[in-house]
file my_file-v3.cif (mmCIF, C-alpha atoms and all ligand atoms)
data_run
loop_
_atom_site.group_PDB
_atom_site.id
_atom_site.type_symbol
_atom_site.label_atom_id
_atom_site.label_comp_id
_atom_site.auth_asym_id
_atom_site.auth_seq_id
_atom_site.Cartn_x
_atom_site.Cartn_y
_atom_site.Cartn_z
ATOM 1 C CA MET M 1 -9.915 -5.688 52.297
ATOM 2 C CA LYS M 2 -7.679 -4.665 49.381
ATOM 3 C CA LEU M 3 -9.833 -3.803 46.380
ATOM 4 C CA LYS M 4 -8.866 -5.049 42.943
ATOM 5 C CA THR M 5 -8.566 -2.820 39.892
ATOM 6 C CA ALA M 6 -10.151 -3.250 36.473
ATOM 7 C CA ILE M 7 -9.802 -1.185 33.305
ATOM 8 C CA ILE M 8 -12.833 -1.296 31.019
ATOM 9 C CA THR M 9 -12.365 0.396 27.665
ATOM 10 C CA GLY M 10 -15.599 1.837 26.303
ATOM 11 C CA GLY M 11 -17.024 1.654 29.818
ATOM 12 C CA SER M 12 -19.190 4.747 29.390
ATOM 13 C CA LYS M 13 -22.253 2.955 28.057
ATOM 14 C CA GLY M 14 -23.730 -0.292 26.730
ATOM 15 C CA ILE M 15 -22.106 -3.606 27.602
ATOM 16 C CA GLY M 16 -18.941 -1.926 28.946
ATOM 17 C CA LEU M 17 -20.885 0.076 31.519
ATOM 18 C CA ARG M 18 -22.835 -3.026 32.548
ATOM 19 C CA ILE M 19 -19.564 -4.906 33.093
ATOM 20 C CA ALA M 20 -18.075 -1.954 34.996
ATOM 21 C CA LYS M 21 -21.099 -1.799 37.340
ATOM 22 C CA SER M 22 -20.995 -5.577 37.933
ATOM 23 C CA LEU M 23 -17.328 -5.360 38.859
ATOM 24 C CA ALA M 24 -17.919 -2.315 41.084
ATOM 25 C CA LYS M 25 -20.646 -4.257 42.886
ATOM 26 C CA ASN M 26 -18.013 -6.928 43.488
ATOM 27 C CA LYS M 27 -15.507 -4.496 44.972
ATOM 28 C CA TYR M 28 -13.329 -3.589 42.048
ATOM 29 C CA ASN M 29 -12.021 -0.068 41.666
ATOM 30 C CA ILE M 30 -12.644 0.906 38.076
ATOM 31 C CA VAL M 31 -10.953 2.819 35.280
ATOM 32 C CA ILE M 32 -13.152 3.541 32.279
ATOM 33 C CA CYS M 33 -12.226 5.271 29.048
ATOM 34 C CA SER M 34 -14.023 6.436 25.932
ATOM 35 C CA ARG M 35 -13.969 9.392 23.557
ATOM 36 C CA HIS M 36 -16.764 11.534 25.030
ATOM 37 C CA LEU M 37 -16.533 13.232 28.411
ATOM 38 C CA PRO M 38 -20.249 13.787 29.229
ATOM 39 C CA ALA M 39 -21.055 10.052 28.951
ATOM 40 C CA LEU M 40 -17.911 9.206 30.931
ATOM 41 C CA LYS M 41 -18.886 11.578 33.754
ATOM 42 C CA LYS M 42 -22.369 10.110 33.959
ATOM 43 C CA ALA M 43 -21.012 6.553 34.004
ATOM 44 C CA LYS M 44 -18.441 7.454 36.683
ATOM 45 C CA LYS M 45 -21.243 8.601 38.999
ATOM 46 C CA GLU M 46 -23.206 5.396 38.453
ATOM 47 C CA ILE M 47 -20.129 3.249 39.114
ATOM 48 C CA GLU M 48 -19.130 5.197 42.244
ATOM 49 C CA SER M 49 -22.602 4.654 43.707
ATOM 50 C CA PHE M 50 -21.354 1.117 44.534
ATOM 51 C CA GLY M 51 -18.848 2.614 46.982
ATOM 52 C CA VAL M 52 -15.692 2.100 44.913
ATOM 53 C CA LYS M 53 -13.343 4.488 43.131
ATOM 54 C CA CYS M 54 -13.874 5.188 39.461
ATOM 55 C CA ILE M 55 -11.461 7.090 37.269
ATOM 56 C CA ALA M 56 -12.752 8.228 33.895
ATOM 57 C CA VAL M 57 -10.191 8.962 31.189
ATOM 58 C CA LYS M 58 -11.017 10.567 27.856
ATOM 59 C CA ALA M 59 -9.178 8.386 25.370
ATOM 60 C CA ASP M 60 -9.445 6.922 21.903
ATOM 61 C CA VAL M 61 -8.209 3.323 21.932
ATOM 62 C CA SER M 62 -7.171 3.532 18.286
ATOM 63 C CA ASN M 63 -4.516 6.008 19.450
ATOM 64 C CA TYR M 64 -1.502 4.311 21.064
ATOM 65 C CA THR M 65 -0.541 7.387 23.120
ATOM 66 C CA ASP M 66 -4.057 7.522 24.574
ATOM 67 C CA CYS M 67 -3.842 3.828 25.539
ATOM 68 C CA LYS M 68 -0.563 4.454 27.340
ATOM 69 C CA LYS M 69 -2.236 7.332 29.196
ATOM 70 C CA VAL M 70 -5.111 5.098 30.371
ATOM 71 C CA VAL M 71 -2.754 2.430 31.724
ATOM 72 C CA GLN M 72 -0.409 4.943 33.363
ATOM 73 C CA THR M 73 -3.388 6.646 35.039
ATOM 74 C CA ALA M 74 -4.587 3.311 36.424
ATOM 75 C CA LEU M 75 -1.140 2.460 37.763
ATOM 76 C CA LYS M 76 -0.613 5.879 39.296
ATOM 77 C CA LYS M 77 -4.009 6.432 40.869
ATOM 78 C CA LEU M 78 -5.042 2.879 41.822
ATOM 79 C CA SER M 79 -3.019 -0.020 43.099
ATOM 80 C CA GLY M 80 -2.051 -2.194 40.142
ATOM 81 C CA ILE M 81 -4.184 -3.656 37.351
ATOM 82 C CA ASP M 82 -5.844 -7.022 37.901
ATOM 83 C CA LEU M 83 -8.234 -7.078 34.981
ATOM 84 C CA LEU M 84 -8.400 -5.466 31.549
ATOM 85 C CA VAL M 85 -11.648 -5.638 29.593
ATOM 86 C CA ASN M 86 -11.062 -4.696 25.941
ATOM 87 C CA ASN M 87 -14.659 -3.726 25.294
ATOM 88 C CA ALA M 88 -14.496 -0.488 23.236
ATOM 89 C CA GLY M 89 -15.959 -1.354 19.882
ATOM 90 C CA TYR M 90 -17.108 0.141 16.623
ATOM 91 C CA GLN M 91 -19.604 -1.361 14.184
ATOM 92 C CA GLY M 92 -18.106 0.169 11.054
ATOM 93 C CA PRO M 93 -19.647 0.096 7.598
ATOM 94 C CA VAL M 94 -22.708 -2.063 6.959
ATOM 95 C CA GLY M 95 -23.426 -3.415 3.471
ATOM 96 C CA LYS M 96 -21.709 -5.256 0.647
ATOM 97 C CA SER M 97 -17.920 -5.034 1.095
ATOM 98 C CA TRP M 98 -17.305 -3.417 -2.291
ATOM 99 C CA LYS M 99 -19.733 -0.647 -1.392
ATOM 100 C CA ASN M 100 -18.131 0.051 2.014
ATOM 101 C CA ASN M 101 -16.261 3.280 2.613
ATOM 102 C CA THR M 102 -12.590 2.268 2.850
ATOM 103 C CA SER M 103 -11.673 4.825 5.545
ATOM 104 C CA ASN M 104 -14.541 3.614 7.698
ATOM 105 C CA TRP M 105 -13.409 -0.001 7.132
ATOM 106 C CA LYS M 106 -9.897 0.894 8.346
ATOM 107 C CA LYS M 107 -11.305 2.793 11.334
ATOM 108 C CA THR M 108 -13.109 -0.394 12.417
ATOM 109 C CA ILE M 109 -9.832 -2.330 12.413
ATOM 110 C CA ASP M 110 -8.052 0.526 14.202
ATOM 111 C CA ILE M 111 -10.554 0.578 17.061
ATOM 112 C CA ASN M 112 -11.492 -3.077 17.444
ATOM 113 C CA LEU M 113 -8.165 -4.770 16.724
ATOM 114 C CA LEU M 114 -5.430 -2.199 17.292
ATOM 115 C CA GLY M 115 -7.201 -0.799 20.374
ATOM 116 C CA THR M 116 -7.239 -4.294 21.879
ATOM 117 C CA PHE M 117 -3.584 -4.844 20.952
ATOM 118 C CA TYR M 118 -2.358 -1.453 22.257
ATOM 119 C CA MET M 119 -4.132 -1.857 25.602
ATOM 120 C CA SER M 120 -2.860 -5.434 26.056
ATOM 121 C CA HIS M 121 0.644 -4.345 25.028
ATOM 122 C CA GLU M 122 0.677 -1.720 27.805
ATOM 123 C CA VAL M 123 -0.975 -3.801 30.530
ATOM 124 C CA LEU M 124 0.869 -7.120 30.077
ATOM 125 C CA PRO M 125 4.348 -6.049 31.280
ATOM 126 C CA HIS M 126 2.696 -4.967 34.520
ATOM 127 C CA MET M 127 0.725 -8.235 34.859
ATOM 128 C CA LEU M 128 3.878 -10.236 34.094
ATOM 129 C CA LYS M 129 5.758 -8.405 36.833
ATOM 130 C CA LYS M 130 3.184 -9.414 39.435
ATOM 131 C CA ASN M 131 2.619 -12.816 37.797
ATOM 132 C CA SER M 132 -1.167 -12.523 37.659
ATOM 133 C CA GLY M 133 -3.940 -10.937 35.640
ATOM 134 C CA ILE M 134 -6.850 -11.468 33.305
ATOM 135 C CA ILE M 135 -7.660 -9.884 29.956
ATOM 136 C CA LEU M 136 -11.142 -10.243 28.488
ATOM 137 C CA ASN M 137 -11.501 -9.374 24.814
ATOM 138 C CA LEU M 138 -14.971 -8.663 23.448
ATOM 139 C CA SER M 139 -15.508 -10.642 20.295
ATOM 140 C CA GLY M 140 -18.865 -11.874 19.025
ATOM 141 C CA GLY M 141 -21.048 -11.528 15.921
ATOM 142 C CA GLY M 142 -18.954 -12.413 12.913
ATOM 143 C CA GLY M 143 -15.808 -13.296 14.852
ATOM 144 C CA ALA M 144 -16.176 -17.050 14.529
ATOM 145 C CA TYR M 145 -17.971 -17.218 11.181
ATOM 146 C CA ALA M 146 -18.452 -15.166 8.044
ATOM 147 C CA ARG M 147 -21.037 -12.448 8.508
ATOM 148 C CA PRO M 148 -22.147 -10.945 5.207
ATOM 149 C CA LEU M 149 -22.702 -7.156 5.191
ATOM 150 C CA PHE M 150 -20.455 -6.688 8.243
ATOM 151 C CA SER M 151 -17.034 -7.508 6.758
ATOM 152 C CA ALA M 152 -15.000 -4.866 8.615
ATOM 153 C CA TYR M 153 -16.565 -5.708 11.976
ATOM 154 C CA GLY M 154 -16.327 -9.472 11.371
ATOM 155 C CA CYS M 155 -12.682 -9.317 10.255
ATOM 156 C CA SER M 156 -11.714 -7.142 13.211
ATOM 157 C CA LYS M 157 -13.386 -9.523 15.670
ATOM 158 C CA THR M 158 -11.832 -12.602 14.027
ATOM 159 C CA ALA M 159 -8.444 -10.922 14.349
ATOM 160 C CA VAL M 160 -9.195 -10.309 18.040
ATOM 161 C CA LEU M 161 -9.751 -14.070 18.382
ATOM 162 C CA ARG M 162 -6.424 -14.877 16.763
ATOM 163 C CA LEU M 163 -4.727 -12.287 19.018
ATOM 164 C CA THR M 164 -6.385 -13.952 22.026
ATOM 165 C CA GLU M 165 -5.177 -17.398 20.951
ATOM 166 C CA THR M 166 -1.675 -16.117 20.300
ATOM 167 C CA LEU M 167 -1.411 -14.334 23.646
ATOM 168 C CA GLY M 168 -2.842 -17.431 25.332
ATOM 169 C CA GLU M 169 0.090 -19.435 23.899
ATOM 170 C CA GLU M 170 2.700 -16.785 24.666
ATOM 171 C CA LEU M 171 1.545 -16.526 28.282
ATOM 172 C CA LYS M 172 1.351 -20.248 29.079
ATOM 173 C CA GLY M 173 2.566 -20.968 32.619
ATOM 174 C CA LYS M 174 2.419 -17.293 33.587
ATOM 175 C CA ASN M 175 -0.814 -17.217 35.599
ATOM 176 C CA ILE M 176 -2.300 -14.706 33.164
ATOM 177 C CA SER M 177 -5.464 -15.568 31.223
ATOM 178 C CA VAL M 178 -6.502 -13.930 27.977
ATOM 179 C CA ILE M 179 -10.056 -14.889 27.072
ATOM 180 C CA ALA M 180 -12.227 -13.830 24.154
ATOM 181 C CA ILE M 181 -15.877 -13.472 25.094
ATOM 182 C CA ALA M 182 -19.054 -13.320 23.054
ATOM 183 C CA PRO M 183 -21.651 -11.430 25.142
ATOM 184 C CA GLY M 184 -24.616 -12.395 22.957
ATOM 185 C CA ALA M 185 -26.815 -10.022 20.990
ATOM 186 C CA THR M 186 -27.687 -7.051 23.206
ATOM 187 C CA TRP M 187 -29.790 -3.972 22.551
ATOM 188 C CA THR M 188 -27.324 -1.073 22.878
ATOM 189 C CA GLU M 189 -26.476 2.070 20.939
ATOM 190 C CA MET M 190 -24.410 -0.113 18.592
ATOM 191 C CA THR M 191 -27.258 -2.409 17.588
ATOM 192 C CA GLU M 192 -29.783 0.429 17.616
ATOM 193 C CA THR M 193 -27.637 2.405 15.149
ATOM 194 C CA VAL M 194 -27.528 -0.578 12.778
ATOM 195 C CA LEU M 195 -31.318 -0.803 12.816
ATOM 196 C CA ARG M 196 -32.067 2.918 12.587
ATOM 197 C CA LYS M 197 -29.328 4.092 10.216
ATOM 198 C CA ASN M 198 -28.517 1.093 8.032
ATOM 199 C CA LYS M 199 -31.954 -0.379 7.416
ATOM 200 C CA LYS M 200 -31.594 -0.140 3.654
ATOM 201 C CA SER M 201 -28.319 -2.098 3.605
ATOM 202 C CA LEU M 202 -29.650 -5.003 5.668
ATOM 203 C CA ASP M 203 -30.996 -8.338 4.455
ATOM 204 C CA LYS M 204 -34.385 -9.523 5.709
ATOM 205 C CA LYS M 205 -32.986 -12.007 8.238
ATOM 206 C CA THR M 206 -30.709 -9.450 9.941
ATOM 207 C CA LEU M 207 -33.471 -6.851 9.911
ATOM 208 C CA ASN M 208 -35.921 -9.234 11.600
ATOM 209 C CA GLU M 209 -33.304 -10.263 14.167
ATOM 210 C CA LEU M 210 -32.735 -6.616 15.087
ATOM 211 C CA ILE M 211 -36.461 -5.884 15.320
ATOM 212 C CA GLU M 212 -36.768 -8.863 17.689
ATOM 213 C CA LEU M 213 -33.707 -7.733 19.652
ATOM 214 C CA GLU M 214 -35.280 -4.327 20.241
ATOM 215 C CA LYS M 215 -38.339 -6.067 21.709
ATOM 216 C CA TYR M 216 -36.591 -8.487 24.086
ATOM 217 C CA GLY M 217 -33.338 -6.606 24.809
ATOM 218 C CA GLY M 218 -31.019 -9.578 24.380
ATOM 219 C CA THR M 219 -28.547 -10.710 27.045
ATOM 220 C CA SER M 220 -29.694 -9.445 30.443
ATOM 221 C CA SER M 221 -27.357 -7.557 32.793
ATOM 222 C CA ASN M 222 -27.727 -10.365 35.370
ATOM 223 C CA LYS M 223 -26.700 -13.046 32.916
ATOM 224 C CA LEU M 224 -23.736 -10.992 31.704
ATOM 225 C CA GLU M 225 -22.661 -10.368 35.300
ATOM 226 C CA GLU M 226 -22.839 -14.053 36.211
ATOM 227 C CA PHE M 227 -20.792 -14.901 33.112
ATOM 228 C CA ILE M 228 -18.055 -12.322 33.749
ATOM 229 C CA LEU M 229 -17.776 -13.175 37.447
ATOM 230 C CA TYR M 230 -17.551 -16.875 36.680
ATOM 231 C CA LEU M 231 -14.705 -16.329 34.211
ATOM 232 C CA ILE M 232 -12.667 -14.011 36.420
ATOM 233 C CA THR M 233 -13.049 -16.073 39.579
ATOM 234 C CA SER M 234 -12.404 -19.411 37.882
ATOM 235 C CA LYS M 235 -9.207 -20.608 39.596
ATOM 236 C CA SER M 236 -7.530 -22.332 36.654
ATOM 237 C CA ASN M 237 -6.786 -20.578 33.393
ATOM 238 C CA LYS M 238 -8.472 -23.284 31.324
ATOM 239 C CA PHE M 239 -10.273 -20.706 29.187
ATOM 240 C CA SER M 240 -7.127 -18.798 28.250
ATOM 241 C CA GLY M 241 -6.714 -18.447 24.491
ATOM 242 C CA LYS M 242 -10.326 -19.539 23.881
ATOM 243 C CA LEU M 243 -13.581 -17.926 22.822
ATOM 244 C CA VAL M 244 -16.477 -18.482 25.201
ATOM 245 C CA HIS M 245 -20.079 -17.478 24.675
ATOM 246 C CA VAL M 246 -22.429 -16.161 27.339
ATOM 247 C CA ASN M 247 -25.117 -18.645 26.293
ATOM 248 C CA GLU M 248 -22.770 -21.533 27.067
ATOM 249 C CA LEU M 249 -22.320 -20.577 30.722
ATOM 250 C CA THR M 250 -24.116 -23.656 32.074
ATOM 251 C CA LYS M 251 -22.013 -25.938 29.881
ATOM 252 C CA ILE M 252 -18.692 -24.253 30.640
ATOM 253 C CA LYS M 253 -19.381 -24.563 34.359
ATOM 254 C CA GLN M 254 -19.385 -28.340 33.852
ATOM 255 C CA ILE M 255 -15.878 -28.375 32.392
ATOM 256 C CA LYS M 256 -13.747 -29.653 35.226
ATOM 257 C CA SER M 257 -10.383 -30.150 33.536
ATOM 258 C CA LYS M 258 -8.339 -28.583 30.780
ATOM 259 C CA ILE M 259 -10.131 -27.891 27.496
ATOM 260 C CA GLY M 260 -8.703 -29.734 24.471
ATOM 261 C CA PRO M 261 -6.240 -27.783 22.316
ATOM 262 C CA GLU M 262 -8.619 -27.514 19.365
ATOM 263 C CA SER M 263 -11.654 -26.361 21.340
ATOM 264 C CA GLY M 264 -12.659 -22.737 21.113
ATOM 265 C CA VAL M 265 -9.968 -22.020 18.547
ATOM 266 C CA LEU M 266 -11.404 -19.477 16.165
ATOM 267 C CA ARG M 267 -14.791 -20.819 17.146
ATOM 268 C CA ARG M 268 -16.757 -21.413 20.305
ATOM 269 C CA VAL M 269 -15.707 -23.953 22.897
ATOM 270 C CA ASN M 270 -16.943 -27.398 21.828
ATOM 271 C CA TYR M 271 -18.168 -30.058 24.210
HETATM 272 N N1 LIG G 301 -24.329 -5.177 21.374
HETATM 273 C C1 LIG G 301 -24.155 -6.405 20.909
HETATM 274 O O1 LIG G 301 -25.110 -7.104 20.501
HETATM 275 C C2 LIG G 301 -22.760 -7.002 20.880
HETATM 276 C C3 LIG G 301 -22.648 -8.372 20.543
HETATM 277 C C4 LIG G 301 -21.388 -8.942 20.512
HETATM 278 C C5 LIG G 301 -20.275 -8.175 20.826
HETATM 279 N N2 LIG G 301 -20.407 -6.845 21.141
HETATM 280 C C6 LIG G 301 -19.183 -6.094 21.467
HETATM 281 O O2 LIG G 301 -19.317 -5.575 22.783
HETATM 282 C C7 LIG G 301 -18.596 -4.340 22.886
HETATM 283 C C8 LIG G 301 -19.516 -3.252 23.410
HETATM 284 O O3 LIG G 301 -20.579 -3.073 22.481
HETATM 285 P P1 LIG G 301 -21.894 -2.219 22.797
HETATM 286 O O4 LIG G 301 -22.991 -2.866 22.077
HETATM 287 O O5 LIG G 301 -21.982 -1.948 24.250
HETATM 288 O O6 LIG G 301 -21.527 -0.873 21.998
HETATM 289 P P2 LIG G 301 -21.902 0.663 22.314
HETATM 290 O O7 LIG G 301 -23.152 0.753 23.082
HETATM 291 O O8 LIG G 301 -21.793 1.349 21.001
HETATM 292 O O9 LIG G 301 -20.699 1.120 23.258
HETATM 293 C C9 LIG G 301 -19.392 1.156 22.761
HETATM 294 C C10 LIG G 301 -18.467 1.772 23.789
HETATM 295 O O10 LIG G 301 -17.147 1.859 23.215
HETATM 296 C C11 LIG G 301 -16.721 3.234 23.234
HETATM 297 N N3 LIG G 301 -15.848 3.483 22.086
HETATM 298 C C12 LIG G 301 -16.143 3.377 20.776
HETATM 299 N N4 LIG G 301 -15.074 3.709 20.047
HETATM 300 C C13 LIG G 301 -14.081 4.013 20.910
HETATM 301 C C14 LIG G 301 -12.729 4.426 20.768
HETATM 302 N N5 LIG G 301 -12.175 4.627 19.562
HETATM 303 N N6 LIG G 301 -11.988 4.651 21.879
HETATM 304 C C15 LIG G 301 -12.535 4.479 23.116
HETATM 305 N N7 LIG G 301 -13.802 4.093 23.311
HETATM 306 C C16 LIG G 301 -14.556 3.864 22.220
HETATM 307 C C17 LIG G 301 -18.019 4.041 23.209
HETATM 308 O O11 LIG G 301 -17.867 5.362 23.703
HETATM 309 P P3 LIG G 301 -17.551 6.622 22.734
HETATM 310 O O12 LIG G 301 -18.306 6.400 21.462
HETATM 311 O O13 LIG G 301 -18.011 7.794 23.523
HETATM 312 O O14 LIG G 301 -16.067 6.626 22.544
HETATM 313 C C18 LIG G 301 -18.864 3.206 24.163
HETATM 314 O O15 LIG G 301 -18.503 3.453 25.496
HETATM 315 C C19 LIG G 301 -18.046 -4.060 21.491
HETATM 316 O O16 LIG G 301 -16.717 -4.501 21.393
HETATM 317 C C20 LIG G 301 -18.944 -4.885 20.591
HETATM 318 O O17 LIG G 301 -18.315 -5.212 19.390
HETATM 319 C C21 LIG G 301 -21.626 -6.263 21.180
#
call {"tool": "encode", "arguments": {"input": "my_file-v3.cif", "output": "C-alpha cells"}}
result
Amino acid sequence: MKLKTAIITGGSKGIGLRIAKSLAKNKYNIVICSRHLPALKKAKKEIESFGVKCIAVKADVSNYTDCKKVVQTALKKLSGIDLLVNNAGYQGPVGKSWKNNTSNWKKTIDINLLGTFYMSHEVLPHMLKKNSGIILNLSGGGGAYARPLFSAYGCSKTAVLRLTETLGEELKGKNISVIAIAPGATWTEMTETVLRKNKKSLDKKTLNELIELEKYGGTSSNKLEEFILYLITSKSNKFSGKLVHVNELTKIKQIKSKIGPESGVLRRVNY
C-alpha cells in the first residue's frame, strides 16, 4: 500500500504532535517542523513508533526560506505531499492592545499568518500539478469574534480565515480543499503559558476558563483524531473555504450536500 504524506508545522508538541500521531496511526508518512531540535527529535521517535517514516526539519515558519526548505525536503525524501497542516502557532502579547509590545505583536502575525501563507504558497503548485490535496489551517479562539486582551492572536487567526476563504475560491474545481479548523480549547504549552505568565493581564472570565481548562484538559486526543480523519477522508470538498469547529463534528457529519455560500464565512458553519 502506498503511504500518503503529510506536513505538520509545529508538529513537535501540543496539538500538532497529536495530529501527527493520529495521521501516523493511519499510515501517513510525516514531516514535522519547528524551531527547536530536541523537541523535534523526541516527537520524531514517538511518530515513528507507528511504523511510518518521520522527517523532522528545524525551521521557523515566519521565515520564507525555511518554509521552502521544509517543502523541498518533503518532496525529495517522501513521495509527494497529500496534506499540509498549518498548525505552528504563537500566542503573542496578552493584555490591552495599547500596552502590547509592538515587535511581539508583529511576530504573532509573522508566525500565524505569514507562516500559513508561505507554506501554502510552496505546497499548492505541487498539489495543483497532481490535482489533489488538502490544507488544514489552525484557527480558533478569537478568529471568528473579537477577543479582548488577545488582539494580535485574534487578528492573525481572523486573517487565516480570510486566507482560507480566498484560497477556497481560487481553488474551486481543482480537487484541493483548504479548510480552517478550530480544535477547541486544549491544555498545551500555549495555554499553560497564558495562565502561568500572563495572570496579571487577564480578566476574571479568561482566568477562570484557563483554571478549568487545566483541570479537564480540553479537547481529547481521540476527539481531535476523529475530527481530523473525518475532514481529510470526506470525499467532497464541501468544507473548503470554511471554518469548522471540533465541537460541531456530529452536526457536520449530517451535512449531506454543499454548504451554503454564507455558512462558515468568517464564522463557524451554521446549520
Ligand atoms: N491550545 C489551544 O487551546 C488552541 C485553541 C485553538 C487553536 N489553537 C491553535 O493550535 C495550534 C497549536 O497550538 P498548541 O496549543 O498546540 O501550541 P503549543 O503547544 O505552543 O505548540 C506550538 C507548536 O508550534 C511550534 N512553533 C511555534 N512557533 C513556530 C515557528 N515560528 N516556526 C515553526 N514552529 C513554530 C512550536 O515549536 P517551537 O516553539 O519549538 O518552534 C510547537 O511545536 C496553534 O496554531 C494554535 O493557535 C490552539
call {"tool": "resolve_selection", "arguments": {"input": "my_file-v3.cif", "expression": "the PyMOL selection byres (((chain M and resi 82) around 9) and not hetatm)", "output": "ChimeraX atom specification"}}
result
/M:4-7,80-81,83-84,127,132-135
call {"tool": "resolve_selection", "arguments": {"input": "my_file-v3.cif", "expression": "the PyMOL selection byres (((chain M and resi 247) around 10) and not hetatm)", "output": "PyMOL selection string"}}
result
chain M and resi 182-184+219+223-224+227+244-246+248-252
call {"tool": "write_last_selection", "arguments": {"input": "my_file-v3.cif", "atoms": "C-alpha atoms", "output": "compact mmCIF listing (two decimals), keeping the file's coordinate frame"}}
result
# COMPACT_ATOMS: atom_id res chain seq x y z
CA ALA M 182 -19.05 -13.32 23.05
CA PRO M 183 -21.65 -11.43 25.14
CA GLY M 184 -24.62 -12.40 22.96
CA THR M 219 -28.55 -10.71 27.04
CA LYS M 223 -26.70 -13.05 32.92
CA LEU M 224 -23.74 -10.99 31.70
CA PHE M 227 -20.79 -14.90 33.11
CA VAL M 244 -16.48 -18.48 25.20
CA HIS M 245 -20.08 -17.48 24.68
CA VAL M 246 -22.43 -16.16 27.34
CA GLU M 248 -22.77 -21.53 27.07
CA LEU M 249 -22.32 -20.58 30.72
CA THR M 250 -24.12 -23.66 32.07
CA LYS M 251 -22.01 -25.94 29.88
CA ILE M 252 -18.69 -24.25 30.64
call {"tool": "residues_near_ligand", "arguments": {"input": "my_file-v3.cif", "ligand": "ligand LIG 301 (chain G)", "cutoff": "8 Å", "atoms": "all atoms listed in the file", "output": "PyMOL selection string"}}
result
chain M and resi 9-17+33-37+39-40+58-63+86-91+110-112+115+137-141+153+157+182-191+218
call {"tool": "residues_around", "arguments": {"input": "my_file-v3.cif", "residues": "M:Asn29", "least_positions_apart": "6", "cutoff": "12 Å", "atoms": "all atoms listed in the file", "output": "ChimeraX atom specification"}}
result
/M:2-8,20-23,44,47-56,74-75,77-83
call {"tool": "closest_residue", "arguments": {"input": "my_file-v3.cif", "among": "M:Leu167, M:Ile109, M:Val71, M:Ile176", "to": "M:Ala152", "atoms": "all atoms listed in the file"}}
result
M:Ile109
call {"tool": "atom_distance", "arguments": {"input": "my_file-v3.cif", "atom1": "atom CA of M:Lys215", "atom2": "atom CA of M:Phe150"}}
result
22.4 Å
call {"tool": "resolve_selection", "arguments": {"input": "my_file-v3.cif", "expression": "the PyMOL selection byres (((chain M and resi 207) around 12) and not hetatm)", "output": "VMD selection string"}}
result
chain M and resid 149 191 to 192 194 to 206 208 to 214
call {"tool": "write_last_selection", "arguments": {"input": "my_file-v3.cif", "atoms": "C-alpha atoms", "output": "CSV table (one decimal), in the frame of the given file"}}
result
chain,number,residue,atom,x,y,z
M,149,LEU,CA,-22.7,-7.2,5.2
M,191,THR,CA,-27.3,-2.4,17.6
M,192,GLU,CA,-29.8,0.4,17.6
M,194,VAL,CA,-27.5,-0.6,12.8
M,195,LEU,CA,-31.3,-0.8,12.8
M,196,ARG,CA,-32.1,2.9,12.6
M,197,LYS,CA,-29.3,4.1,10.2
M,198,ASN,CA,-28.5,1.1,8.0
M,199,LYS,CA,-32.0,-0.4,7.4
M,200,LYS,CA,-31.6,-0.1,3.7
M,201,SER,CA,-28.3,-2.1,3.6
M,202,LEU,CA,-29.6,-5.0,5.7
M,203,ASP,CA,-31.0,-8.3,4.5
M,204,LYS,CA,-34.4,-9.5,5.7
M,205,LYS,CA,-33.0,-12.0,8.2
M,206,THR,CA,-30.7,-9.4,9.9
M,208,ASN,CA,-35.9,-9.2,11.6
M,209,GLU,CA,-33.3,-10.3,14.2
M,210,LEU,CA,-32.7,-6.6,15.1
M,211,ILE,CA,-36.5,-5.9,15.3
M,212,GLU,CA,-36.8,-8.9,17.7
M,213,LEU,CA,-33.7,-7.7,19.7
M,214,GLU,CA,-35.3,-4.3,20.2
call {"tool": "atom_distance", "arguments": {"input": "my_file-v3.cif", "atom1": "atom CA of M:Gly92", "atom2": "atom CA of M:Leu113"}}
result
12.5 Å
call {"tool": "closest_residue", "arguments": {"input": "my_file-v3.cif", "among": "M:Asn26, M:Asn100, M:Ser240, M:Lys45", "to": "M:Glu170", "atoms": "all atoms listed in the file"}}
result
M:Ser240
call {"tool": "residues_around", "arguments": {"input": "my_file-v3.cif", "residues": "M:Ala146", "least_positions_apart": "5", "cutoff": "10 Å", "atoms": "all atoms listed in the file", "output": "list in words"}}
result
Gly141, Ser151, Gly154, Cys155 and Thr158 of chain M
call {"tool": "atom_distance", "arguments": {"input": "my_file-v3.cif", "atom1": "atom CA of M:Ile232", "atom2": "atom CA of M:Asp66"}}
result
26.0 Å
call {"tool": "residues_near_point", "arguments": {"input": "my_file-v3.cif", "point": "(-4.8, -12.5, 18.2)", "cutoff": "10 Å", "atoms": "all atoms listed in the file", "output": "list of chain:residue names"}}
result
M:Leu113, M:Thr116, M:Phe117, M:Asn137, M:Lys157, M:Thr158, M:Ala159, M:Val160, M:Leu161, M:Arg162, M:Leu163, M:Thr164, M:Glu165, M:Thr166, M:Leu167, M:Gly168, M:Ala180, M:Gly241, M:Leu266
call {"tool": "closest_residue", "arguments": {"input": "my_file-v3.cif", "among": "M:Lys107, M:Lys242, M:Lys253, M:Lys69", "to": "M:Tyr230", "atoms": "only C-alpha atoms"}}
result
M:Lys253
call {"tool": "axis_aligned_box", "arguments": {"input": "my_file-v3.cif", "around": "stretch 204-218 of chain M", "padding_each_side": "8 Å", "output": "lines of an AutoDock Vina configuration file"}}
result
center_x = -34.5
center_y = -8.2
center_z = 15.3
size_x = 23.6
size_y = 23.7
size_z = 35.1
